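Comments concern the structure below.
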Amino acid sequence: MRNWLASLFEKKSRLTDQQRARLNAWKAITPSALSAPINEMRCVIVDVETSGLNLMKDRLISIGAIAMVNGKIAMGDSFYVVLQQPVVSNKENILLHGIGGSAQKEGVPAIDALLSFLEYLGKDPLVAFHVVFDQTMIRRAISQYLHFSFKRSWLDLAYIMPALYTELANRLRTLDDWNGHFDIGNDARHNALSDAIVTAQLLQVAIIQASKKKKISKFSEYVDLEKSQRWLNSQSSYKVH
């Protein structure tokens, strides 16, 4: 309750004229067409690190992202930022993601960090593994610092992979599970950019399988596949209870 009240009454951050102009320029960008084949467009794979797992009170610490352009991971088209923190996260949290107290205190001011992320993203669709967490943390931060509701198209590989590999769905649940099965290595786990890169590799696996097994190619068809898998999961959950 205390954290909720504190956030409710804290003084709103104010954008400078330059920052407002950057935000307005981003808002004026035309959204990408989701009807395009995923291998003929740019999409952005995202991962975040936070001060904890509580969606209501924990803070966004870093954003890592990499673009997939025409089906290829564009290593030169990547993004990483540490947001300047008003309070350093606890020791256990730092040991998890490796972003120390000095790095957190000396990070990029939140308004500029989030504007840079939006400029990098453009209006292209986003991809993540377990979208709810990444989406919620980014939306909360944008609402707090940029004062608007961030609504973009997301694709969740946590549903796409089980839809394409039904025989593996019961034993492969986490990003590490799926990456381990397909021998996708990650030497810097819990670094947001590194996790985004391996998620992008998993997306490439999904694209190959979707083309062969489902005969789908458009981003909108992947969105429909995700919706179908969510519905199947809800039915299974209902039967269990």
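The chains in the structure tokens are called A, B, ... from first to last as shown; in each chain the residues are counted from 1, and the ligands are counted from 1 in the order shown.
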Can you pull out every residue within 10 Å of Leu225 of chain A, counting only C-alpha atoms, but drop anything in the same chain fewer than 5 positions away, and send it as a list in words?
-> Leu155, Tyr159, Ile160, Ala163, Leu164, Ala210, Lys214, Ile216, Phe219, Ser220, Arg230 and Trp231 of chain A
Take the residues from that selection and write them out as a short mmCIF file (atom, residue, chain, number, x, y, z; two decimals), in the first residue's frame, keeping C-alpha atoms.
data_model
loop_
_atom_site.label_atom_id
_atom_site.label_comp_id
_atom_site.auth_asym_id
_atom_site.auth_seq_id
_atom_site.Cartn_x
_atom_site.Cartn_y
_atom_site.Cartn_z
CA LEU A 155 4.05 -11.64 -30.16
CA TYR A 159 2.70 -19.55 -26.74
CA ILE A 160 4.06 -19.79 -30.28
CA ALA A 163 1.68 -24.33 -30.72
CA LEU A 164 4.37 -25.42 -33.18
CA ALA A 210 5.62 -22.38 -38.88
CA LYS A 214 1.36 -24.41 -40.43
CA ILE A 216 1.92 -19.37 -42.28
CA PHE A 219 2.96 -11.57 -38.71
CA SER A 220 -0.83 -11.37 -38.26
CA ARG A 230 -3.88 -19.18 -25.40
CA TRP A 231 -7.41 -20.50 -25.87
#
Skip Gln135 of chain A itself and residues of its chain fewer than 6 positions away, then list as a ChimeraX atom specification all residues within 10 Å of it, counting only C-alpha atoms.
-> /A:46-48,126-128,150-152,154
Residues flagged strand (DSSP E) by DSSP in segment 44-188 of chain A, as a PyMOL selection string = chain A and resi 44-50+60-69+72-82+126-128+154-156
If we count only C-alpha atoms, what is near segment 113-120 of chain A at a cut-off of 9 Å, once residues fewer than 4 positions away on the same chain are taken out, given as a list of chain:residue names?
-> A:Gln19, A:Arg22, A:Leu23, A:Ala25, A:Trp26, A:Ile63, A:Ala65, A:Asp77, A:Ser78, A:Phe79, A:Tyr80, A:Val81, A:Val82, A:Leu83, A:Gln84, A:Gly107, A:Val108, A:Pro109, A:Ile138, A:Ala141, A:Ile142, A:Tyr145, A:Leu146
Near Ile184 of chain A, within 7 Å and counting only C-alpha atoms, which residues show up once chain neighbours fewer than 4 positions away are dropped, as a PyMOL selection string?
-> chain A and resi 179-180+198
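Between atom CA of Arg20 of chain A and atom CA of Val131 of chain A the interatomic distance comes to 27.9 Å.
The space separating atom CA of Lys72 of chain A from atom CA of Pro125 of chain A comes to 15.4 Å.
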Can you list, as a VMD selection string, every protein, DNA or RNA residue that comes within 12 Å of Ser211 of chain A when you count only C-alpha atoms, leaving out same-chain residues fewer than 3 positions away?
-> chain A and resid 37 to 39 164 204 to 208 214 to 219 221 to 222
